[in-house]
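Here's query_11.txt, which has compact mmCIF, C-alpha atoms and all ligand atoms:
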```txt
# COMPACT_ATOMS: atom_id res chain seq x y z
CA MET A 1 -57.06 8.85 -4.93
CA LYS A 2 -56.74 11.47 -7.67
CA GLU A 3 -59.64 11.85 -10.13
CA ASP A 4 -58.46 11.58 -13.73
CA TYR A 5 -61.66 12.06 -15.66
CA ASN A 6 -62.92 15.45 -14.44
CA SER A 7 -62.35 17.24 -17.71
CA SER A 8 -63.19 14.44 -20.15
CA ALA A 9 -66.33 12.88 -18.65
CA ASN A 10 -68.79 14.90 -20.73
CA PHE A 11 -67.18 14.18 -24.08
CA TYR A 12 -65.78 10.70 -23.34
CA ASP A 13 -68.62 8.81 -25.09
CA PRO A 14 -68.98 11.04 -28.19
CA LEU A 15 -65.19 11.27 -28.63
CA LEU A 16 -64.66 7.51 -28.51
CA TYR A 17 -67.98 6.52 -30.12
CA VAL A 18 -66.60 5.12 -33.38
CA PHE A 19 -63.93 3.09 -31.62
CA ILE A 20 -65.96 1.95 -28.66
CA GLN A 21 -69.49 1.29 -29.94
CA PRO A 22 -68.60 -1.97 -31.75
CA LEU A 23 -66.98 -3.17 -28.52
CA ARG A 24 -70.08 -2.31 -26.50
CA LYS A 25 -72.17 -4.37 -28.94
CA ALA A 26 -69.72 -7.27 -28.76
CA VAL A 27 -69.96 -7.28 -24.94
CA LEU A 28 -73.76 -7.19 -25.23
CA ASN A 29 -73.66 -10.23 -27.53
CA GLU A 30 -71.38 -12.10 -25.12
CA LEU A 31 -73.86 -11.51 -22.32
CA LEU A 32 -77.19 -12.14 -24.07
CA GLU A 33 -77.69 -15.45 -22.33
CA HIS A 34 -77.13 -13.80 -18.93
CA LYS A 35 -79.96 -11.26 -19.08
CA ASP A 36 -81.40 -12.25 -15.73
CA LYS A 37 -78.03 -12.16 -13.92
CA ALA A 38 -76.60 -9.61 -11.48
CA ILE A 39 -73.98 -7.69 -13.46
CA LEU A 40 -71.42 -5.30 -11.98
CA ASP A 41 -69.46 -2.94 -14.24
CA LEU A 42 -66.37 -2.26 -12.12
CA CYS A 43 -64.97 1.13 -13.20
CA CYS A 44 -68.13 1.75 -15.25
CA GLY A 45 -67.19 5.31 -16.23
CA THR A 46 -70.17 6.96 -17.95
CA GLY A 47 -72.24 3.76 -17.68
CA ASN A 48 -72.36 3.56 -21.47
CA GLN A 49 -71.97 -0.26 -21.55
CA LEU A 50 -74.66 -0.86 -18.93
CA LYS A 51 -77.05 1.53 -20.66
CA LEU A 52 -76.77 -0.56 -23.80
CA LEU A 53 -77.49 -3.69 -21.75
CA ALA A 54 -80.50 -1.93 -20.17
CA LYS A 55 -81.86 -1.02 -23.61
CA ASN A 56 -81.68 -4.72 -24.44
CA GLY A 57 -83.71 -5.92 -21.48
CA PHE A 58 -81.08 -6.52 -18.78
CA LYS A 59 -82.41 -5.46 -15.37
CA ASP A 60 -79.97 -6.19 -12.55
CA LEU A 61 -77.25 -3.71 -13.46
CA HIS A 62 -74.67 -2.17 -11.09
CA CYS A 63 -72.32 0.65 -12.06
CA LEU A 64 -69.32 1.45 -9.82
CA ASP A 65 -66.70 4.14 -10.35
CA LEU A 66 -64.42 6.39 -8.35
CA SER A 67 -65.04 9.48 -10.47
CA GLU A 68 -68.02 11.60 -9.48
CA THR A 69 -67.95 13.39 -12.82
CA MET A 70 -68.11 10.11 -14.76
CA LEU A 71 -70.96 8.95 -12.52
CA ARG A 72 -72.80 12.23 -13.08
CA VAL A 73 -72.91 11.28 -16.77
CA ALA A 74 -73.89 7.70 -15.86
CA LYS A 75 -76.91 9.07 -13.96
CA LYS A 76 -78.27 10.81 -17.05
CA GLY A 77 -81.25 9.22 -18.82
CA ASN A 78 -83.87 6.88 -17.54
CA TYR A 79 -82.00 3.61 -17.04
CA PRO A 80 -82.42 1.04 -14.26
CA LEU A 81 -78.79 1.33 -13.09
CA LYS A 82 -77.74 1.13 -9.48
CA ILE A 83 -74.83 3.53 -9.17
CA TYR A 84 -72.03 3.41 -6.57
CA HIS A 85 -69.28 5.92 -5.92
CA GLN A 86 -66.62 3.51 -4.65
CA ASP A 87 -63.07 2.29 -5.14
CA ALA A 88 -62.90 -0.85 -7.30
CA THR A 89 -60.00 -2.24 -5.26
CA GLU A 90 -62.05 -2.22 -2.07
CA THR A 91 -65.79 -2.20 -2.57
CA GLY A 92 -68.39 -2.48 0.14
CA PHE A 93 -70.22 -5.44 -1.43
CA GLU A 94 -70.50 -8.83 0.19
CA ASP A 95 -68.57 -11.83 -1.13
CA ALA A 96 -70.14 -13.54 -4.18
CA ALA A 97 -72.64 -10.72 -4.72
CA PHE A 98 -72.55 -10.87 -8.54
CA ASP A 99 -72.86 -13.35 -11.42
CA VAL A 100 -70.90 -11.24 -13.91
CA VAL A 101 -68.23 -8.55 -13.50
CA ILE A 102 -67.20 -6.33 -16.42
CA LEU A 103 -63.80 -4.60 -16.37
CA SER A 104 -63.63 -2.47 -19.48
CA PHE A 105 -60.53 -0.38 -20.23
CA ALA A 106 -59.85 -0.14 -16.51
CA ILE A 107 -56.77 -2.32 -16.21
CA HIS A 108 -54.17 -0.94 -18.64
CA GLU A 109 -54.03 2.55 -17.14
CA LYS A 110 -53.31 1.38 -13.58
CA ASP A 111 -50.08 0.48 -11.82
CA ARG A 112 -49.45 -3.23 -11.28
CA GLU A 113 -50.52 -3.26 -7.63
CA THR A 114 -53.86 -1.61 -8.42
CA GLN A 115 -54.43 -3.98 -11.35
CA GLU A 116 -53.88 -6.97 -9.07
CA ARG A 117 -56.11 -5.56 -6.35
CA MET A 118 -58.93 -4.91 -8.85
CA LEU A 119 -58.75 -8.50 -10.06
CA GLU A 120 -58.66 -9.81 -6.50
CA GLU A 121 -61.74 -7.75 -5.69
CA ALA A 122 -63.53 -8.99 -8.82
CA TYR A 123 -62.70 -12.56 -7.76
CA ARG A 124 -64.14 -11.96 -4.30
CA LEU A 125 -67.31 -10.39 -5.69
CA LEU A 126 -68.10 -13.19 -8.13
CA ASN A 127 -70.18 -16.16 -7.11
CA GLN A 128 -69.07 -19.71 -7.87
CA ASN A 129 -68.66 -20.16 -11.63
CA GLY A 130 -69.28 -16.42 -12.14
CA LEU A 131 -67.89 -14.72 -15.22
CA ILE A 132 -65.54 -11.79 -15.67
CA LEU A 133 -65.42 -9.99 -19.00
CA ILE A 134 -62.25 -7.97 -19.46
CA VAL A 135 -62.12 -5.56 -22.36
CA ASP A 136 -58.63 -4.16 -22.78
CA PHE A 137 -55.64 -3.75 -25.05
CA VAL A 138 -53.52 -6.64 -26.25
CA PHE A 139 -50.38 -6.45 -28.36
CA ASP A 140 -49.27 -9.85 -29.63
CA ASP A 141 -48.52 -11.57 -32.91
CA LYS A 142 -52.20 -11.27 -33.96
CA THR A 143 -52.25 -7.47 -33.49
CA LYS A 144 -52.05 -5.50 -36.73
CA ASN A 145 -49.58 -2.62 -36.90
CA ILE A 146 -52.37 -0.14 -37.60
CA GLY A 147 -54.05 -1.27 -34.37
CA ARG A 148 -50.83 -0.80 -32.37
CA TRP A 149 -50.31 2.62 -33.89
CA GLY A 150 -53.87 3.85 -33.24
CA ILE A 151 -53.96 2.57 -29.67
CA ARG A 152 -50.54 4.06 -28.85
CA LEU A 153 -51.79 7.38 -30.20
CA ILE A 154 -54.93 7.35 -28.03
CA GLU A 155 -52.91 6.39 -24.96
CA LYS A 156 -50.24 8.99 -25.67
CA MET A 157 -52.97 11.63 -25.82
CA ALA A 158 -54.15 10.50 -22.36
CA GLY A 159 -50.55 11.13 -21.26
CA GLY A 160 -48.85 11.22 -17.85
CA GLU A 161 -49.19 8.30 -15.46
CA HIS A 162 -51.92 6.77 -17.62
CA TYR A 163 -49.56 6.45 -20.60
CA ALA A 164 -46.64 5.26 -18.44
CA ASN A 165 -48.84 2.51 -16.97
CA PHE A 166 -50.12 1.54 -20.43
CA LYS A 167 -46.53 1.10 -21.65
CA LYS A 168 -45.66 -1.09 -18.65
CA TYR A 169 -48.85 -3.10 -19.15
CA ILE A 170 -47.89 -3.80 -22.78
CA GLN A 171 -44.26 -4.60 -21.84
CA ASN A 172 -45.55 -7.04 -19.21
CA ASN A 173 -47.64 -8.85 -21.82
CA GLY A 174 -51.00 -7.44 -20.68
CA LEU A 175 -53.63 -9.73 -19.24
CA ALA A 176 -51.59 -12.84 -20.03
CA SER A 177 -49.22 -12.17 -17.13
CA LEU A 178 -51.80 -10.58 -14.86
CA VAL A 179 -54.77 -12.94 -14.70
CA LYS A 180 -53.93 -15.91 -12.51
CA GLU A 181 -54.94 -19.28 -13.92
CA ASP A 182 -55.78 -20.68 -10.50
CA LYS A 183 -58.36 -17.90 -10.07
CA PHE A 184 -59.83 -17.44 -13.56
CA ARG A 185 -60.11 -19.92 -16.44
CA LEU A 186 -60.09 -18.35 -19.91
CA VAL A 187 -63.29 -19.32 -21.72
CA LYS A 188 -63.10 -17.07 -24.78
CA ASP A 189 -60.81 -14.45 -26.31
CA SER A 190 -62.53 -12.35 -28.98
CA ARG A 191 -60.52 -9.71 -30.80
CA MET A 192 -61.48 -6.35 -32.30
CA GLY A 193 -59.73 -3.09 -33.21
CA PHE A 194 -57.27 -4.72 -35.63
CA ASN A 195 -56.76 -7.39 -32.97
CA GLY A 196 -55.47 -4.76 -30.57
CA VAL A 197 -58.42 -5.12 -28.20
CA THR A 198 -59.51 -8.30 -26.48
CA ILE A 199 -62.85 -9.16 -24.99
CA SER A 200 -61.66 -11.94 -22.73
CA THR A 201 -64.24 -14.00 -20.89
CA TYR A 202 -63.01 -15.92 -17.84
CA GLN A 203 -64.87 -18.17 -15.45
CA LYS A 204 -64.07 -18.08 -11.76
CA SER A 205 -62.18 -21.31 -10.94
C1 LIG A 301 -60.82 4.42 -19.33
S1 LIG A 301 -62.15 4.64 -18.25
C2 LIG A 301 -63.18 3.28 -18.74
C3 LIG A 301 -64.62 3.50 -18.39
C4 LIG A 301 -65.56 2.41 -18.88
N1 LIG A 301 -65.33 1.16 -18.21
C5 LIG A 301 -65.50 2.25 -20.37
O1 LIG A 301 -65.34 1.13 -20.86
O2 LIG A 301 -65.67 3.26 -21.06
C6 LIG A 301 -61.52 4.09 -16.69
C7 LIG A 301 -62.48 4.34 -15.54
O3 LIG A 301 -61.95 3.72 -14.37
C8 LIG A 301 -62.28 4.56 -13.26
N2 LIG A 301 -61.41 4.20 -12.15
C9 LIG A 301 -60.06 4.35 -12.10
N3 LIG A 301 -59.60 3.88 -10.93
C10 LIG A 301 -60.68 3.43 -10.23
C11 LIG A 301 -60.85 2.82 -8.97
N4 LIG A 301 -59.81 2.58 -8.15
N5 LIG A 301 -62.10 2.48 -8.59
C12 LIG A 301 -63.16 2.72 -9.38
N6 LIG A 301 -63.05 3.30 -10.60
C13 LIG A 301 -61.83 3.64 -11.01
C14 LIG A 301 -62.10 5.95 -13.80
O4 LIG A 301 -62.76 6.90 -13.01
C15 LIG A 301 -62.71 5.80 -15.20
O5 LIG A 301 -64.07 6.08 -15.18
```
Rewrite the structure from the file as structure tokens, please.
Ligand SMILES: C[S@@+](CC[C@H](N)C(=O)[O-])C[C@H]1O[C@@H](n2cnc3c(N)ncnc32)[C@H](O)[C@@H]1O
Amino acid sequence: MKEDYNSSANFYDPLLYVFIQPLRKAVLNELLEHKDKAILDLCCGTGNQLKLLAKNGFKDLHCLDLSETMLRVAKKGNYPLKIYHQDATETGFEDAAFDVVILSFAIHEKDRETQERMLEEAYRLLNQNGLILIVDFVFDDKTKNIGRWGIRLIEKMAGGEHYANFKKYIQNNGLASLVKEDKFRLVKDSRMGFNGVTISTYQKS
């Protein structure tokens, strides 16, 4: 599979800091009562979310990504992260290995088949009643125009296949048409970024 983040890995966090930091804190707050749990960030990128969890006392943290350059950034600093260079659609973990899976900005840029395979893998990896937190874009009647505009701009700058997949994801109604109710029960939908970003918490059914 082609690596998309070779050139941007080193400036990904500083570039997106203003946009992304409030979301990282919101995810932290969602997970505060799960500090002792095994947490997998599937498509963890630079590990920025898990590092924030580590700073706040979380210990059992697993960071998986396909991009070596992103993972090189994730390895920086003294954080108790276990890091895996693997494909999120087909990981080497055993069934039910984790209590919580995070999928943050990993879905919208993928084609439909990969999106479905990532969710199937997350389902397999979660133990009974485990939680999945999906942070991603949502365009619906709650989304403010300024949010739509800003997000479209960021995605357009990413360009190519990434942007084409984003457009299809939005046309297909995002997570609402993707996450199967018989697999995951929606527990909470928090909105940020002018209601253009959801932090959706689902429990494995
Ligand atoms: C937009 S970045 C998001 C990174 C991070 N989750 C965040 O919130 O900043 C998407 C990440 O997904 C990774 N990725 C894409 N396809 C993947 C796959 N099949 N398996 C694992 N990681 C993948 C990319 O390498 C990249 O790091």
Proximity check chain A to ligand LIG 301 (chain A), 9 Å, nearest pairs one decimal Å, all atoms listed in the file, as a tab-separated table:
```
residue	atom	partner	partner_atom	distance
A:Met1	CA	A:LIG301	N4	7.6
A:Lys2	CA	A:LIG301	N3	8.7
A:Glu3	CA	A:LIG301	O4	6.5
A:Asp4	CA	A:LIG301	O4	6.4
A:Tyr5	CA	A:LIG301	O4	5.9
A:Asn6	CA	A:LIG301	O4	8.7
A:Ala9	CA	A:LIG301	O5	8.0
A:Tyr12	CA	A:LIG301	O2	7.8
A:Asp13	CA	A:LIG301	O2	7.5
A:Leu16	CA	A:LIG301	O2	8.6
A:Ile20	CA	A:LIG301	O2	7.7
A:Leu23	CA	A:LIG301	O1	8.9
A:Arg24	CA	A:LIG301	O1	8.1
A:Asp41	CA	A:LIG301	N1	7.0
A:Leu42	CA	A:LIG301	C12	6.5
A:Cys43	CA	A:LIG301	N6	3.9
A:Cys44	CA	A:LIG301	N1	4.1
A:Gly45	CA	A:LIG301	O5	3.4
A:Thr46	CA	A:LIG301	C4	6.5
A:Gly47	CA	A:LIG301	C4	6.9
A:Asn48	CA	A:LIG301	O2	6.7
A:Gln49	CA	A:LIG301	O1	6.8
A:Leu64	CA	A:LIG301	C12	6.3
A:Asp65	CA	A:LIG301	N6	3.8
A:Leu66	CA	A:LIG301	C12	4.0
A:Ser67	CA	A:LIG301	O4	4.3
A:Glu68	CA	A:LIG301	O4	7.9
A:Thr69	CA	A:LIG301	O4	8.3
A:Met70	CA	A:LIG301	O5	5.7
A:Leu71	CA	A:LIG301	O5	7.9
A:His85	CA	A:LIG301	C12	7.7
A:Gln86	CA	A:LIG301	C12	5.9
A:Asp87	CA	A:LIG301	N5	3.6
A:Ala88	CA	A:LIG301	N5	3.7
A:Thr89	CA	A:LIG301	N4	5.6
A:Glu90	CA	A:LIG301	N5	8.0
A:Thr91	CA	A:LIG301	N5	8.5
A:Ile102	CA	A:LIG301	N1	7.9
A:Leu103	CA	A:LIG301	N1	6.2
A:Ser104	CA	A:LIG301	N1	4.2
A:Phe105	CA	A:LIG301	C2	4.8
A:Ala106	CA	A:LIG301	C6	4.6
A:Ile107	CA	A:LIG301	C6	8.0
A:His108	CA	A:LIG301	C1	8.6
A:Glu109	CA	A:LIG301	C1	7.4
A:Lys110	CA	A:LIG301	N3	7.3
A:Thr114	CA	A:LIG301	N4	7.3
A:Met118	CA	A:LIG301	N4	7.6
A:Val135	CA	A:LIG301	O1	7.6
A:Asp136	CA	A:LIG301	O1	8.8
```
- [ ] Please identify all polymer residues within 9 Å of range 192-203 of chain A, counting only C-alpha atoms, omitting same-chain residues fewer than 3 positions from it, and present them as a PyMOL selection string.
- [x] chain A and resi 19+22-23+26-27+30+104+128-140+142-148+151+183-189
TODO: For Lys35 in chain A, work out the shell of residues within 10 Å, counting all atoms listed in the file and skipping chain neighbours fewer than 2 positions away, then give it as a ChimeraX atom specification.
DONE: /A:28,31-33,37-39,53-54,56-61
Open item on the list: Report, in Å with one decimal, the straight-line distance from CA of Pro14 in chain A to CA of Glu155 in chain A.
Closed with: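 Taking CA of Pro14 in chain A as the start and CA of Glu155 in chain A as the end point, the length is 17.0 Å.
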TODO: Find the distance between CA of Ile83 in chain A and CA of His62 in chain A and write it in Å to one decimal.
DONE: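 The value is 6.0 Å.
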Open item on the list: One number please: CA of Ala97 in chain A to CA of Gly174 in chain A, in Å, one decimal.
Closed with: 27.1 Å
- [ ] Pick out the closest residue to Lys75 in chain A from this set: A:Leu119, A:Leu52, A:Val101, A:Cys63. Count only C-alpha atoms.
- [x]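 Result for the nearest residue to Lys75 in chain A: A:Cys63.
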Task: Nearest residue to Tyr169 in chain A from the set A:Gln115, A:Ser205, A:Asn127, A:Asn10 (distances using only C-alpha atoms) - done: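 Result for the nearest residue to Tyr169 in chain A: A:Gln115.
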